[in-house]
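*Asks:* Handing over start39.txt, compact mmCIF, C-alpha atoms and all ligand atoms.
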# COMPACT_ATOMS: atom_id res chain seq x y z
CA MET A 44 75.45 112.03 121.89
CA ALA A 45 78.49 109.80 121.41
CA LYS A 46 78.82 108.62 117.81
CA LYS A 47 79.29 104.95 116.93
CA ILE A 48 82.25 104.78 114.59
CA LEU A 49 83.86 101.87 112.75
CA VAL A 50 87.44 102.45 111.54
CA LEU A 51 88.80 99.99 108.95
CA GLY A 52 92.57 100.20 108.64
CA ALA A 53 92.75 101.82 112.07
CA THR A 54 96.56 101.67 112.30
CA SER A 55 96.86 104.03 109.31
CA SER A 56 98.53 107.21 110.48
CA ILE A 57 95.84 109.38 108.85
CA ALA A 58 93.08 107.23 110.42
CA GLU A 59 94.71 107.38 113.84
CA HIS A 60 94.87 111.18 113.74
CA THR A 61 91.23 111.40 112.60
CA ALA A 62 90.17 109.02 115.38
CA ARG A 63 91.93 111.20 117.97
CA VAL A 64 89.33 113.91 117.28
CA TRP A 65 86.54 111.39 117.84
CA ALA A 66 88.18 110.00 121.00
CA LYS A 67 88.55 113.51 122.46
CA ARG A 68 84.80 114.10 122.22
CA GLY A 69 83.97 110.71 123.76
CA ASP A 70 82.76 108.76 120.73
CA SER A 71 82.57 104.94 120.58
CA LEU A 72 85.18 103.31 118.35
CA TYR A 73 85.45 99.86 116.79
CA LEU A 74 88.93 99.54 115.30
CA VAL A 75 89.98 96.99 112.68
CA ALA A 76 93.57 96.45 111.48
CA ARG A 77 95.82 93.56 110.54
CA ASN A 78 98.79 94.25 112.86
CA ALA A 79 97.76 93.13 116.36
CA GLU A 80 100.53 94.91 118.23
CA LYS A 81 100.07 98.27 116.50
CA LEU A 82 96.29 97.97 116.84
CA ALA A 83 96.53 97.35 120.60
CA THR A 84 98.72 100.46 120.98
CA VAL A 85 96.35 102.63 118.92
CA GLY A 86 93.31 101.31 120.80
CA ALA A 87 94.85 101.97 124.23
CA ASP A 88 95.91 105.47 123.18
CA LEU A 89 92.43 106.38 121.91
CA LYS A 90 90.86 105.08 125.14
CA THR A 91 93.26 107.29 127.15
CA ARG A 92 92.32 110.25 124.93
CA GLY A 93 88.66 109.92 125.98
CA ALA A 94 86.83 107.45 123.72
CA SER A 95 83.80 106.18 125.64
CA PHE A 96 84.17 102.68 124.15
CA VAL A 97 87.01 101.01 122.25
CA GLU A 98 86.97 97.51 120.82
CA THR A 99 89.63 96.16 118.47
CA LYS A 100 89.57 93.39 115.90
CA VAL A 101 92.54 91.97 114.03
CA ALA A 102 91.73 91.21 110.38
CA ASP A 103 93.40 91.26 107.00
CA LEU A 104 90.94 93.29 104.94
CA ASP A 105 92.21 91.67 101.73
CA ASP A 106 90.23 88.60 102.81
CA LEU A 107 86.79 89.36 101.39
CA ASP A 108 85.23 86.23 102.91
CA LEU A 109 85.72 87.74 106.37
CA HIS A 110 83.84 90.95 105.60
CA PRO A 111 80.17 90.10 106.30
CA GLN A 112 80.83 88.58 109.72
CA LEU A 113 83.41 91.22 110.63
CA LEU A 114 80.99 94.06 109.85
CA ALA A 115 78.04 92.39 111.58
CA GLU A 116 80.16 91.92 114.72
CA ALA A 117 81.28 95.55 114.60
CA VAL A 118 77.76 97.02 114.45
CA THR A 119 76.61 94.65 117.20
CA ALA A 120 79.51 95.69 119.45
CA LEU A 121 78.87 99.40 118.77
CA GLY A 122 75.11 98.99 119.19
CA GLY A 123 74.51 100.58 115.75
CA LEU A 124 76.55 102.59 113.26
CA ASP A 125 76.84 106.32 112.60
CA ILE A 126 80.12 106.46 110.67
CA ALA A 127 82.24 103.90 108.82
CA TYR A 128 85.70 105.20 107.90
CA LEU A 129 87.76 103.18 105.40
CA ALA A 130 91.46 104.01 105.57
CA HIS A 131 93.41 100.90 104.63
CA GLY A 132 95.51 101.06 101.51
CA VAL A 133 98.89 100.31 99.97
CA LEU A 134 101.09 102.44 97.74
CA GLY A 135 102.65 99.34 96.17
CA ASP A 136 105.73 99.28 93.98
CA GLN A 137 104.98 100.90 90.60
CA ALA A 138 108.10 99.45 88.92
CA GLU A 139 107.21 95.94 90.08
CA ALA A 140 103.60 96.40 89.00
CA GLU A 141 104.82 97.35 85.50
CA ARG A 142 106.75 94.06 85.28
CA ASP A 143 104.26 91.79 86.98
CA ALA A 144 100.49 91.99 86.63
CA ILE A 145 100.05 89.97 89.84
CA ALA A 146 101.71 92.82 91.76
CA ALA A 147 99.39 95.29 90.03
CA GLU A 148 96.39 93.15 90.94
CA ALA A 149 97.44 93.11 94.62
CA ILE A 150 97.36 96.94 94.72
CA LEU A 151 93.96 97.01 93.01
CA HIS A 152 92.66 94.34 95.39
CA THR A 153 93.59 96.19 98.61
CA ASN A 154 92.69 99.69 97.40
CA PHE A 155 89.64 98.95 95.25
CA VAL A 156 88.18 95.44 95.51
CA SER A 157 88.37 95.27 99.33
CA PRO A 158 86.68 98.68 99.90
CA VAL A 159 84.00 97.81 97.30
CA SER A 160 83.22 94.61 99.22
CA LEU A 161 83.07 96.44 102.57
CA LEU A 162 81.05 99.35 101.19
CA THR A 163 78.49 97.08 99.56
CA TRP A 164 77.64 95.52 102.93
CA LEU A 165 77.84 98.85 104.79
CA ALA A 166 75.71 100.75 102.27
CA ASN A 167 72.96 98.13 102.39
CA PHE A 168 73.04 98.19 106.21
CA CYS A 169 72.85 101.99 106.31
CA VAL A 170 70.06 102.14 103.72
CA LYS A 171 68.05 99.71 105.86
CA GLN A 172 68.52 101.89 108.98
CA LYS A 173 68.08 105.05 106.82
CA HIS A 174 71.10 106.64 108.43
CA GLY A 175 74.90 106.63 108.37
CA THR A 176 78.01 108.19 106.86
CA LEU A 177 80.48 106.19 104.75
CA ALA A 178 83.83 107.99 104.53
CA VAL A 179 86.69 106.68 102.41
CA LEU A 180 90.32 107.71 101.88
CA SER A 181 90.78 107.94 98.12
CA SER A 182 93.58 110.18 96.77
CA VAL A 183 94.41 113.04 94.43
CA ALA A 184 96.42 110.36 92.59
CA GLY A 185 93.10 109.05 91.25
CA ASP A 186 92.31 112.34 89.48
CA ARG A 187 94.80 111.70 86.66
CA GLY A 188 96.99 108.73 85.81
CA ARG A 189 100.70 109.50 85.63
CA LYS A 190 103.70 107.33 84.88
CA SER A 191 105.19 107.37 88.38
CA ASN A 192 102.15 105.82 90.12
CA TYR A 193 99.37 104.95 87.69
CA VAL A 194 98.59 101.54 89.20
CA TYR A 195 97.99 103.05 92.66
CA GLY A 196 96.31 106.03 90.96
CA SER A 197 93.93 103.82 89.00
CA SER A 198 92.90 101.97 92.18
CA LYS A 199 92.02 105.36 93.71
CA ALA A 200 90.27 106.54 90.51
CA GLY A 201 88.20 103.36 90.67
CA ILE A 202 87.17 103.88 94.28
CA SER A 203 86.37 107.57 93.67
CA ALA A 204 84.09 106.60 90.76
CA PHE A 205 82.47 103.87 92.85
CA LEU A 206 81.83 106.34 95.68
CA GLY A 207 80.27 108.85 93.27
CA GLY A 208 77.83 106.25 92.01
CA LEU A 209 77.11 104.92 95.50
CA ARG A 210 76.36 108.47 96.72
CA ASN A 211 73.99 108.96 93.81
CA ARG A 212 72.19 105.77 94.91
CA VAL A 213 72.03 106.19 98.71
CA ASP A 214 71.85 109.95 99.31
CA ARG A 215 68.05 109.87 98.94
CA GLU A 216 67.94 107.08 101.57
CA GLY A 217 69.49 109.26 104.30
CA VAL A 218 73.01 107.89 103.85
CA SER A 219 76.02 110.15 103.19
CA VAL A 220 79.12 109.17 101.24
CA VAL A 221 82.26 111.25 101.80
CA THR A 222 85.10 110.94 99.27
CA ILE A 223 88.34 112.13 100.84
CA LYS A 224 91.21 113.05 98.51
CA PRO A 225 94.40 113.81 100.40
CA GLY A 226 97.41 115.27 98.63
CA PRO A 227 100.80 113.99 99.86
CA VAL A 228 100.80 113.60 103.65
CA LYS A 229 103.74 112.84 105.96
CA THR A 230 102.95 109.25 107.04
CA PRO A 231 104.73 105.86 106.96
CA MET A 232 103.30 105.38 103.43
CA THR A 233 105.29 108.31 102.05
CA ALA A 234 108.33 107.99 104.33
CA GLY A 235 110.70 106.98 101.51
CA MET A 236 109.58 109.68 99.07
CA GLU A 237 111.75 112.54 97.93
CA GLY A 238 110.69 115.90 99.41
CA ASN A 239 108.42 114.30 101.99
CA GLU A 240 109.50 116.83 104.62
CA LYS A 241 107.29 119.30 102.71
CA PHE A 242 104.24 117.02 102.73
CA ALA A 243 101.13 117.94 104.76
CA ASP A 244 101.15 117.44 108.52
CA VAL A 245 99.15 114.33 109.41
CA SER A 246 97.65 115.81 112.57
CA THR A 247 96.17 118.78 110.65
CA VAL A 248 94.98 116.45 107.88
CA GLY A 249 93.28 114.18 110.45
CA LYS A 250 91.46 117.14 112.01
CA ASN A 251 90.32 118.46 108.61
CA ILE A 252 89.03 115.02 107.65
CA ALA A 253 87.06 114.70 110.91
CA ARG A 254 85.45 118.08 110.17
CA ALA A 255 84.57 117.05 106.60
CA ILE A 256 83.00 113.80 107.81
CA ASP A 257 80.98 115.65 110.47
CA SER A 258 79.65 118.05 107.82
CA ARG A 259 78.95 115.15 105.45
CA ARG A 260 80.82 116.76 102.59
CA ASP A 261 80.46 114.90 99.29
CA GLU A 262 84.07 115.25 98.25
CA VAL A 263 86.91 116.92 100.09
CA TYR A 264 90.52 117.65 99.12
CA VAL A 265 92.97 117.87 102.04
CA PRO A 266 94.74 120.28 102.18
CA GLY A 267 92.10 122.26 100.22
CA LYS A 268 94.64 123.70 97.75
CA TRP A 269 94.70 120.30 96.02
CA ARG A 270 91.23 120.95 94.54
CA ILE A 271 92.74 123.80 92.49
CA ILE A 272 96.00 122.00 91.72
CA MET A 273 94.19 118.92 90.43
CA ALA A 274 91.74 121.03 88.37
CA ILE A 275 94.79 122.48 86.60
CA VAL A 276 96.45 119.06 86.22
CA ARG A 277 93.23 117.59 84.75
CA ALA A 278 92.95 120.49 82.31
CA VAL A 279 96.33 119.79 80.65
CA PRO A 280 95.60 118.26 77.20
CA GLU A 281 96.59 114.58 76.93
CA SER A 282 98.81 115.40 73.91
CA ILE A 283 100.98 117.53 76.25
CA PHE A 284 100.52 115.50 79.45
CA LYS A 285 101.85 112.30 77.86
CA LYS A 286 105.21 114.02 77.26
CA THR A 287 105.64 115.24 80.86
CA ASN A 288 107.69 113.51 83.54
CA THR A 289 105.31 113.30 86.46
N1 LIG B 1 100.00 109.50 102.93
C1 LIG B 1 99.58 110.07 101.80
O1 LIG B 1 100.28 110.92 101.20
C2 LIG B 1 98.23 109.70 101.23
C3 LIG B 1 97.73 110.52 100.20
C4 LIG B 1 96.50 110.18 99.65
C5 LIG B 1 95.79 109.08 100.10
N2 LIG B 1 96.31 108.32 101.09
C6 LIG B 1 95.54 107.13 101.52
O2 LIG B 1 95.27 107.24 102.90
C7 LIG B 1 95.13 105.91 103.45
C8 LIG B 1 95.96 105.79 104.71
O3 LIG B 1 97.34 105.94 104.38
P1 LIG B 1 98.42 106.53 105.39
O4 LIG B 1 99.06 107.66 104.70
O5 LIG B 1 97.81 106.74 106.72
O6 LIG B 1 99.51 105.39 105.39
P2 LIG B 1 99.81 104.22 106.45
O7 LIG B 1 100.04 104.81 107.79
O8 LIG B 1 100.87 103.40 105.81
O9 LIG B 1 98.43 103.43 106.49
C9 LIG B 1 98.06 102.42 105.61
C10 LIG B 1 97.31 101.43 106.45
O10 LIG B 1 96.65 100.47 105.63
C11 LIG B 1 96.77 99.23 106.31
N3 LIG B 1 96.53 98.11 105.42
C12 LIG B 1 97.08 97.90 104.21
N4 LIG B 1 96.63 96.74 103.71
C13 LIG B 1 95.77 96.22 104.64
C14 LIG B 1 95.00 95.04 104.70
N5 LIG B 1 95.00 94.15 103.72
N6 LIG B 1 94.23 94.83 105.79
C15 LIG B 1 94.21 95.72 106.81
N7 LIG B 1 94.94 96.86 106.81
C16 LIG B 1 95.71 97.10 105.73
C17 LIG B 1 98.20 99.24 106.85
O11 LIG B 1 98.37 98.25 107.82
P3 LIG B 1 99.84 97.76 108.26
O12 LIG B 1 100.40 98.86 109.12
O13 LIG B 1 99.57 96.51 108.98
O14 LIG B 1 100.63 97.59 106.99
C18 LIG B 1 98.24 100.66 107.41
O15 LIG B 1 97.68 100.72 108.69
C19 LIG B 1 95.51 104.94 102.33
O16 LIG B 1 94.33 104.44 101.72
C20 LIG B 1 96.27 105.82 101.37
O17 LIG B 1 96.20 105.32 100.04
C21 LIG B 1 97.52 108.60 101.67
Represent the structure of the file as structure tokens.
Ligand SMILES: NC(=O)c1ccc[n+]([C@@H]2O[C@H](COP(=O)([O-])OP(=O)(O)OC[C@H]3O[C@@H](n4cnc5c(N)ncnc54)[C@H](OP(=O)(O)O)[C@@H]3O)[C@@H](O)[C@H]2O)c1
*Replies:*
Amino acid sequence: MAKKILVLGATSSIAEHTARVWAKRGDSLYLVARNAEKLATVGADLKTRGASFVETKVADLDDLDLHPQLLAEAVTALGGLDIAYLAHGVLGDQAEAERDAIAAEAILHTNFVSPVSLLTWLANFCVKQKHGTLAVLSSVAGDRGRKSNYVYGSSKAGISAFLGGLRNRVDREGVSVVTIKPGPVKTPMTAGMEGNEKFADVSTVGKNIARAIDSRRDEVYVPGKWRIIMAIVRAVPESIFKKTNT
């Protein structure tokens, strides 16, 4: 049966490639993003690829006041909810965030506060219906703070911890929480980064994420090698780690 799927941050390159898998098998998609033009293009493409239903909604997900009505409208349009996929996020400017706490707060707001607000509503809805999967793009950057991106990393560490606690609360109510931790992926977010030609292919990452969400994995690293890499990185003693240039 076609799944009813809500995608928040649907113009994200990773989200788009995950949604292509769902479109191909004829699922119903409700897509939310803040850029109307990009959203219309993504929506039309997913419809062409086979989605049985596509509705789009333009919204800035930083605006927490919008969330309850936005989510209620989405589940009404879909006629229920099987999967909510949260993909929106910003890398931010680490150097600026070191100078200006307001810039740091903006990164934390988009990557942590906004998903917490959305997930609180979605988790309560899913618990009530005793069914649903909540899947969120966190990052390997949240596994250990490092000088080159610790503000972004801490926003992802926060959401990973939140998801762990939420899973512990809702798993017994029939609701799954999937924490997705990509390593570096070739997308617009990483376009300016050195060595990005070696980053993971977004199409493969999207397919692997769709598989992980289908199997309701608790926590998935994509590509899988990042589970081992991050275990090693976490194991480095702080007395040594603080002297590294990472
Ligand atoms: N690429 C990587 O290496 C990587 C690694 C680990 C985790 N991730 C995470 O994966 C997710 C998707 O990133 P991506 O690589 O696919 O990059 P992307 O293509 O740049 O996607 C980021 C998306 O977030 C949207 N967004 C940001 N703030 C928003 C807001 N306030 N309201 C609505 N939408 C908002 C952006 O919309 P606009 O286009 O309108 O700006 C964009 O569609 C992010 O959470 C990112 O942190 C990425």
*Asks:* Considering only C-alpha atoms and all ligand atoms, tabulate each residue of chain A that lies at most 7 Å from ligand LIG 1 (chain B) along with its nearest interatomic pair and the corresponding distance in Å to one decimal; arrange the rows by chain and ascending residue number and present them as JSON lines.
*Replies:*
{"residue": "A:Gly52", "atom": "CA", "partner": "B:LIG1", "partner_atom": "N7", "distance": 4.5}
{"residue": "A:Ala53", "atom": "CA", "partner": "B:LIG1", "partner_atom": "O15", "distance": 6.1}
{"residue": "A:Thr54", "atom": "CA", "partner": "B:LIG1", "partner_atom": "O15", "distance": 3.9}
{"residue": "A:Ser55", "atom": "CA", "partner": "B:LIG1", "partner_atom": "O9", "distance": 3.3}
{"residue": "A:Ser56", "atom": "CA", "partner": "B:LIG1", "partner_atom": "O5", "distance": 3.9}
{"residue": "A:Ile57", "atom": "CA", "partner": "B:LIG1", "partner_atom": "O5", "distance": 3.9}
{"residue": "A:Ala58", "atom": "CA", "partner": "B:LIG1", "partner_atom": "O5", "distance": 6.0}
{"residue": "A:Ala76", "atom": "CA", "partner": "B:LIG1", "partner_atom": "C15", "distance": 4.8}
{"residue": "A:Arg77", "atom": "CA", "partner": "B:LIG1", "partner_atom": "C15", "distance": 4.6}
{"residue": "A:Asn78", "atom": "CA", "partner": "B:LIG1", "partner_atom": "O13", "distance": 4.6}
{"residue": "A:Ala102", "atom": "CA", "partner": "B:LIG1", "partner_atom": "C15", "distance": 6.3}
{"residue": "A:Asp103", "atom": "CA", "partner": "B:LIG1", "partner_atom": "N6", "distance": 3.9}
{"residue": "A:Leu104", "atom": "CA", "partner": "B:LIG1", "partner_atom": "N6", "distance": 3.7}
{"residue": "A:Asp105", "atom": "CA", "partner": "B:LIG1", "partner_atom": "N5", "distance": 4.2}
{"residue": "A:Ala130", "atom": "CA", "partner": "B:LIG1", "partner_atom": "C7", "distance": 4.6}
{"residue": "A:His131", "atom": "CA", "partner": "B:LIG1", "partner_atom": "O10", "distance": 3.4}
{"residue": "A:Gly132", "atom": "CA", "partner": "B:LIG1", "partner_atom": "O16", "distance": 3.6}
{"residue": "A:Val133", "atom": "CA", "partner": "B:LIG1", "partner_atom": "C12", "distance": 5.2}
{"residue": "A:Leu134", "atom": "CA", "partner": "B:LIG1", "partner_atom": "O17", "distance": 6.1}
{"residue": "A:Thr153", "atom": "CA", "partner": "B:LIG1", "partner_atom": "N5", "distance": 5.7}
{"residue": "A:Asn154", "atom": "CA", "partner": "B:LIG1", "partner_atom": "O16", "distance": 6.6}
{"residue": "A:Leu180", "atom": "CA", "partner": "B:LIG1", "partner_atom": "O2", "distance": 5.1}
{"residue": "A:Ser181", "atom": "CA", "partner": "B:LIG1", "partner_atom": "C5", "distance": 5.5}
{"residue": "A:Ser182", "atom": "CA", "partner": "B:LIG1", "partner_atom": "C4", "distance": 4.1}
{"residue": "A:Val183", "atom": "CA", "partner": "B:LIG1", "partner_atom": "C4", "distance": 6.3}
{"residue": "A:Lys224", "atom": "CA", "partner": "B:LIG1", "partner_atom": "C4", "distance": 6.1}
{"residue": "A:Pro225", "atom": "CA", "partner": "B:LIG1", "partner_atom": "C4", "distance": 4.3}
{"residue": "A:Gly226", "atom": "CA", "partner": "B:LIG1", "partner_atom": "C3", "distance": 5.0}
{"residue": "A:Pro227", "atom": "CA", "partner": "B:LIG1", "partner_atom": "O1", "distance": 3.4}
{"residue": "A:Val228", "atom": "CA", "partner": "B:LIG1", "partner_atom": "O1", "distance": 3.7}
{"residue": "A:Lys229", "atom": "CA", "partner": "B:LIG1", "partner_atom": "N1", "distance": 5.9}
{"residue": "A:Thr230", "atom": "CA", "partner": "B:LIG1", "partner_atom": "O4", "distance": 4.8}
{"residue": "A:Pro231", "atom": "CA", "partner": "B:LIG1", "partner_atom": "O8", "distance": 4.7}
{"residue": "A:Met232", "atom": "CA", "partner": "B:LIG1", "partner_atom": "O8", "distance": 3.9}
{"residue": "A:Thr233", "atom": "CA", "partner": "B:LIG1", "partner_atom": "N1", "distance": 5.5}
*Asks:* Got a sec: who's within 8 Å of region 277-289 of chain A, counting only C-alpha atoms, leaving out chain neighbours fewer than 5 positions off, as a PyMOL selection string?
*Replies:* chain A and resi 186-187+189-191
*Asks:* Mind checking which residues fall within 9 Å of region 202-216 of chain A, counting only C-alpha atoms, ignoring those fewer than 5 positions away in the same chain, and posting them as a ChimeraX atom specification?
*Replies:* /A:154-156,158-159,162-163,166-167,169-171,173-174,179,181-182,185-186,197,221-224,261-262
*Asks:* In Å, with one decimal, what is the gap from CA of Val85 (chain A) to CA of Glu116 (chain A)?
*Replies:*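 Straight-line distance from CA of Val85 (chain A) to CA of Glu116 (chain A) works out to 19.9 Å.
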*Asks:* Around (87.9, 100.0, 108.6) in the file's frame, which residues reach within 6 Å when counting all atoms listed in the file? Return as a PyMOL selection string?
*Replies:* chain A and resi 50-52+75+128-129
*Asks:* Restricting the calculation to only C-alpha atoms: of A:Ser160, A:Thr176, A:Thr99, A:Thr84, which residue gets closest to Ser71 (chain A)?
*Replies:* A:Thr99
